[in-house]
Amino acid sequence: MEKAAQAATGGTQGSPQHRLCAVRHDRAEVIPERLAVVTGGNKGVGLEVCRQLALQGVAVILTARDEKRGKDAAESLRCESELTNIIFHQLDVRDDNSVTSLAWYIESRYGKLDILVNNAGVSGIVADEEGLKALNIDAETWTSGRAANLLKEVFQNTYDEALNCLNTNYYGCKRVTEALLPLLKLSTSGARIVNASSLASELKRMPNEKLRNDLCDINIWDEDRIEAVLNTFLEDLKNGRLEEAGWPMMLPTYSVSKMVINLYTRIMARRYPEMRINCVRPGFVKTDICWNLGLLTPEQGARGPVMLALLPDDGPTGCYFDQTEMVKIW
Ligand SMILES: NC(=O)c1ccc[n+]([C@@H]2O[C@H](COP(=O)([O-])OP(=O)(O)OC[C@H]3O[C@@H](n4cnc5c(N)ncnc54)[C@H](OP(=O)(O)O)[C@@H]3O)[C@@H](O)[C@H]2O)c1
């Protein structure tokens, strides 16, 4: 990872690699004033974030794990919204090679990055969608987290899905951020990082009192400690003792992944005070991740992330937002 990051900045001045990058820079036609990367940009909130940023004049690299879905999405924005400042690049946030390849692409073409929206996410659940619809759970019950017992019938927390969820929602965000940080440090307009969080990350939803208290104290956390907690979670899941160990029972892996995204946001905001790094709950949005049960449109859901992507230099950092409102949840 470190090697990739160094490669992405052309960190070895004077080396053949660096000279190659310099030549490629000369070839770039125009370096945009603001350049953004959006992960999971092919649909839902991510697609709308791409559209709204491009409408504000930001050059957007819409990324998606699936080449066809991503290209089609970028094409739809170019045609339907007449936006010429959107390009597609493949990115699977779980795949180191894919992440490195994106970093190389941006380095060689633009030599910097201004905005990173870590939006890609999965639910961590295998759902019986028909059964879920039949339960007819109202939005209030869903967002309050009180539906956990009802949902046991239709949700399976499999170990494989949990691994995939943590690898996407937390490790994916971290992987992409680390690879693109050297480019964000070269931002000409002030670097912004926006991480997708959720209501499920609220600490009051963590029954384990010791962990709930620990999650409030940012001074004791670093990436190693986060990884240790996630490994304990996976062990408890494997041994069927999630409830006994006091993990959240409404979308357990998803909730834990978003709790650690909040921590990661705060760690990074402290480490890079010159950047504006925040996390945001887009709202309860009607998209695939929540089986289209949400109430808001993706257009509404994108407003918070877009606002944070365009924060002024004296804007907040290390904070949690519920849509466009800053909320104290720790
Ligand atoms: N909708 C809500 O109510 C809600 C509430 C709170 C938080 N959020 C958060 O908002 C973010 C966006 O969700 P959404 O509502 O827009 O859901 P969505 O429509 O299901 O979009 C999720 C996006 O993530 C992508 N993705 C999944 N795994 C990926 C991977 N390994 N690499 C790259 N991209 C990947 C998906 O791509 P594919 O099409 O290839 O699967 C899709 O583009 C998520 O982080 C979610 O947790 C949503």
# chains A, B, ... in the order shown; residues from 1 in each chain; ligands from 1
$ residues_near_ligand --ligand "ligand 1" --cutoff "6 Å" --atoms "only C-alpha atoms and all ligand atoms" --output "NGL selection string"
:A and (39-46 or 64-66 or 91-94 or 119-122 or 168 or 196-198 or 281-290 or 294)
$ atom_distance --atom1 "CA of Ala36 (chain A)" --atom2 "CA of Glu107 (chain A)"
13.0 Å
$ residues_around --residues "region 247-254 of chain A" --least-positions-apart "3" --cutoff "10 Å" --atoms "only C-alpha atoms" --output "short mmCIF file (atom, residue, chain, number, x, y, z; two decimals) with C-alpha atoms, in the first residue's frame"
data_model
loop_
_atom_site.label_atom_id
_atom_site.label_comp_id
_atom_site.auth_asym_id
_atom_site.auth_seq_id
_atom_site.Cartn_x
_atom_site.Cartn_y
_atom_site.Cartn_z
CA GLY A 121 -21.32 0.57 0.48
CA VAL A 122 -23.15 -2.73 0.98
CA SER A 123 -25.64 -3.88 3.62
CA GLY A 124 -23.78 -6.95 4.93
CA ILE A 125 -27.00 -8.96 4.81
CA TRP A 142 -36.90 1.01 10.42
CA THR A 143 -34.81 4.11 11.15
CA SER A 144 -35.28 3.81 14.93
CA GLY A 145 -33.50 0.44 14.82
CA ARG A 146 -36.40 -1.23 16.65
CA ALA A 147 -37.16 -3.61 13.78
CA ALA A 148 -34.24 -5.93 14.63
CA ASN A 149 -36.40 -8.74 16.03
CA LEU A 150 -38.88 -8.65 13.15
CA LEU A 151 -36.07 -8.70 10.64
CA LYS A 152 -34.51 -11.87 12.05
CA PHE A 155 -32.23 -11.22 7.21
CA GLN A 156 -29.26 -13.58 7.39
CA ASN A 157 -25.99 -12.26 8.82
CA THR A 158 -23.70 -14.67 7.03
CA TYR A 159 -19.98 -14.63 7.73
CA GLU A 161 -21.45 -11.16 3.73
CA ALA A 162 -19.99 -9.70 6.91
CA LEU A 163 -16.46 -10.02 5.51
CA ASN A 164 -17.58 -8.41 2.26
CA CYS A 165 -19.32 -5.60 4.13
CA LEU A 166 -16.32 -4.72 6.32
CA ASN A 169 -17.53 -0.15 3.88
CA TYR A 170 -14.50 0.27 6.13
CA SER A 197 -21.99 7.03 7.32
CA SER A 198 -25.43 6.09 8.63
CA ALA A 200 -26.89 2.91 12.27
CA SER A 201 -23.57 4.33 13.50
CA LEU A 203 -23.46 5.13 19.66
CA LYS A 204 -26.74 4.70 21.50
CA ARG A 205 -27.28 1.68 19.23
CA MET A 206 -24.22 -0.05 20.70
CA PRO A 207 -25.45 -2.19 23.62
CA ASN A 208 -21.91 -3.11 24.77
CA GLU A 209 -21.31 -0.41 27.37
CA LEU A 211 -17.25 -0.37 23.72
CA ARG A 212 -19.83 2.40 23.62
CA LEU A 230 -13.51 -5.73 13.82
CA PHE A 233 -16.77 -8.78 15.95
CA LEU A 234 -16.10 -11.37 13.23
CA ASP A 236 -18.30 -13.32 17.78
CA LEU A 237 -20.34 -13.58 14.58
CA ARG A 241 -22.55 -14.79 20.12
CA LEU A 242 -23.28 -11.34 18.67
CA GLU A 243 -26.21 -10.65 20.97
CA GLU A 244 -24.49 -12.06 24.04
CA SER A 257 -18.80 -0.74 9.76
CA LYS A 258 -20.35 2.72 9.97
CA MET A 259 -19.33 3.17 13.62
#
$ closest_residue --among "A:Tyr105, A:Phe88, A:Phe321, A:Trp221" --to "Ser76 (chain A)" --atoms "only C-alpha atoms"
A:Phe88
$ select_by_dssp --residues "region 209-294 of chain A" --states "alpha helix (DSSP H)" --output "PyMOL selection string"
chain A and resi 209-216+223-238+252-271
$ atom_distance --atom1 "CA of Thr63 (chain A)" --atom2 "CA of Val38 (chain A)"
6.0 Å
$ closest_residue --among "A:Pro298, A:Leu199, A:Ile226, A:Gly240" --to "Val327 (chain A)" --atoms "only C-alpha atoms"
A:Leu199
$ residues_around --residues "Ala54 (chain A)" --least-positions-apart "6" --cutoff "9 Å" --atoms "only C-alpha atoms" --output "ChimeraX atom specification"
/A:60,83-86
$ closest_residue --among "A:Gly318, A:Pro273, A:Gly111, A:Gly172" --to "Thr188 (chain A)" --atoms "only C-alpha atoms"
A:Gly111
$ atom_distance --atom1 "CA of Met307 (chain A)" --atom2 "CA of Leu180 (chain A)"
20.7 Å
$ select_by_dssp --residues "region 161-233 of chain A" --states "strand (DSSP E or B)" --output "PDB file with N, CA, C and O atoms, in the first residue's frame"
ATOM      1  N   ARG A 192     -10.785  17.789   0.319  1.00  0.00           N
ATOM      2  CA  ARG A 192     -12.006  17.432   1.047  1.00  0.00           C
ATOM      3  C   ARG A 192     -12.198  15.911   0.943  1.00  0.00           C
ATOM      4  O   ARG A 192     -12.121  15.352  -0.164  1.00  0.00           O
ATOM      5  N   ILE A 193     -12.502  15.288   2.084  1.00  0.00           N
ATOM      6  CA  ILE A 193     -12.867  13.867   2.053  1.00  0.00           C
ATOM      7  C   ILE A 193     -14.227  13.731   2.723  1.00  0.00           C
ATOM      8  O   ILE A 193     -14.450  14.289   3.806  1.00  0.00           O
ATOM      9  N   VAL A 194     -15.130  13.024   2.058  1.00  0.00           N
ATOM     10  CA  VAL A 194     -16.480  12.812   2.594  1.00  0.00           C
ATOM     11  C   VAL A 194     -16.702  11.305   2.681  1.00  0.00           C
ATOM     12  O   VAL A 194     -16.581  10.595   1.684  1.00  0.00           O
ATOM     13  N   ASN A 195     -17.015  10.824   3.893  1.00  0.00           N
ATOM     14  CA  ASN A 195     -17.245   9.383   4.083  1.00  0.00           C
ATOM     15  C   ASN A 195     -18.724   9.127   4.357  1.00  0.00           C
ATOM     16  O   ASN A 195     -19.318   9.787   5.214  1.00  0.00           O
ATOM     17  N   ALA A 196     -19.280   8.138   3.646  1.00  0.00           N
ATOM     18  CA  ALA A 196     -20.701   7.821   3.846  1.00  0.00           C
ATOM     19  C   ALA A 196     -20.887   7.089   5.162  1.00  0.00           C
ATOM     20  O   ALA A 196     -20.327   6.005   5.380  1.00  0.00           O
TER      21      ALA A 196
END
$ decode --residues "region 133-156 of chain A" --atoms "N, CA and C atoms" --output "short mmCIF file (atom, residue, chain, number, x, y, z; two decimals), in the first residue's frame"
data_model
loop_
_atom_site.label_atom_id
_atom_site.label_comp_id
_atom_site.auth_asym_id
_atom_site.auth_seq_id
_atom_site.Cartn_x
_atom_site.Cartn_y
_atom_site.Cartn_z
N LYS A 133 -40.59 -7.26 2.17
CA LYS A 133 -41.69 -6.39 1.71
C LYS A 133 -42.98 -6.75 2.43
N ALA A 134 -43.18 -8.07 2.63
CA ALA A 134 -44.41 -8.53 3.28
C ALA A 134 -44.51 -8.02 4.73
N LEU A 135 -43.36 -7.78 5.36
CA LEU A 135 -43.38 -7.28 6.75
C LEU A 135 -43.93 -5.85 6.84
N ASN A 136 -43.83 -5.13 5.71
CA ASN A 136 -44.42 -3.80 5.63
C ASN A 136 -43.97 -2.88 6.78
N ILE A 137 -42.69 -2.86 7.02
CA ILE A 137 -42.15 -2.05 8.13
C ILE A 137 -42.18 -0.57 7.76
N ASP A 138 -42.73 0.25 8.65
CA ASP A 138 -42.79 1.68 8.32
C ASP A 138 -41.42 2.32 8.56
N ALA A 139 -41.25 3.49 7.93
CA ALA A 139 -39.93 4.15 7.95
C ALA A 139 -39.48 4.47 9.37
N GLU A 140 -40.41 4.85 10.22
CA GLU A 140 -40.04 5.25 11.58
C GLU A 140 -39.46 4.06 12.34
N THR A 141 -40.15 2.91 12.24
CA THR A 141 -39.67 1.71 12.92
C THR A 141 -38.31 1.30 12.38
N TRP A 142 -38.16 1.40 11.05
CA TRP A 142 -36.90 1.01 10.42
C TRP A 142 -35.76 1.89 10.92
N THR A 143 -35.93 3.21 10.83
CA THR A 143 -34.81 4.11 11.15
C THR A 143 -34.53 4.16 12.66
N SER A 144 -35.51 3.78 13.47
CA SER A 144 -35.28 3.81 14.93
C SER A 144 -34.42 2.62 15.37
N GLY A 145 -34.28 1.62 14.48
CA GLY A 145 -33.50 0.44 14.82
C GLY A 145 -34.30 -0.59 15.60
N ARG A 146 -35.59 -0.32 15.82
CA ARG A 146 -36.40 -1.23 16.65
C ARG A 146 -36.91 -2.46 15.89
N ALA A 147 -36.61 -2.51 14.58
CA ALA A 147 -37.16 -3.61 13.78
C ALA A 147 -36.29 -4.87 13.85
N ALA A 148 -35.22 -4.83 14.65
CA ALA A 148 -34.24 -5.93 14.63
C ALA A 148 -34.89 -7.30 14.81
N ASN A 149 -35.79 -7.43 15.77
CA ASN A 149 -36.40 -8.74 16.03
C ASN A 149 -37.23 -9.24 14.87
N LEU A 150 -38.06 -8.31 14.32
CA LEU A 150 -38.88 -8.65 13.15
C LEU A 150 -38.01 -9.13 11.98
N LEU A 151 -36.90 -8.45 11.82
CA LEU A 151 -36.07 -8.70 10.64
C LEU A 151 -35.30 -10.02 10.71
N LYS A 152 -35.23 -10.59 11.92
CA LYS A 152 -34.51 -11.87 12.05
C LYS A 152 -35.06 -12.91 11.08
N GLU A 153 -36.37 -12.81 10.82
CA GLU A 153 -37.00 -13.79 9.92
C GLU A 153 -36.52 -13.67 8.47
N VAL A 154 -36.15 -12.45 8.08
CA VAL A 154 -35.87 -12.22 6.65
C VAL A 154 -34.42 -11.83 6.35
N PHE A 155 -33.63 -11.59 7.41
CA PHE A 155 -32.23 -11.22 7.21
C PHE A 155 -31.31 -12.34 7.72
N GLN A 156 -30.29 -12.64 6.92
CA GLN A 156 -29.26 -13.58 7.39
C GLN A 156 -27.92 -12.85 7.47
#
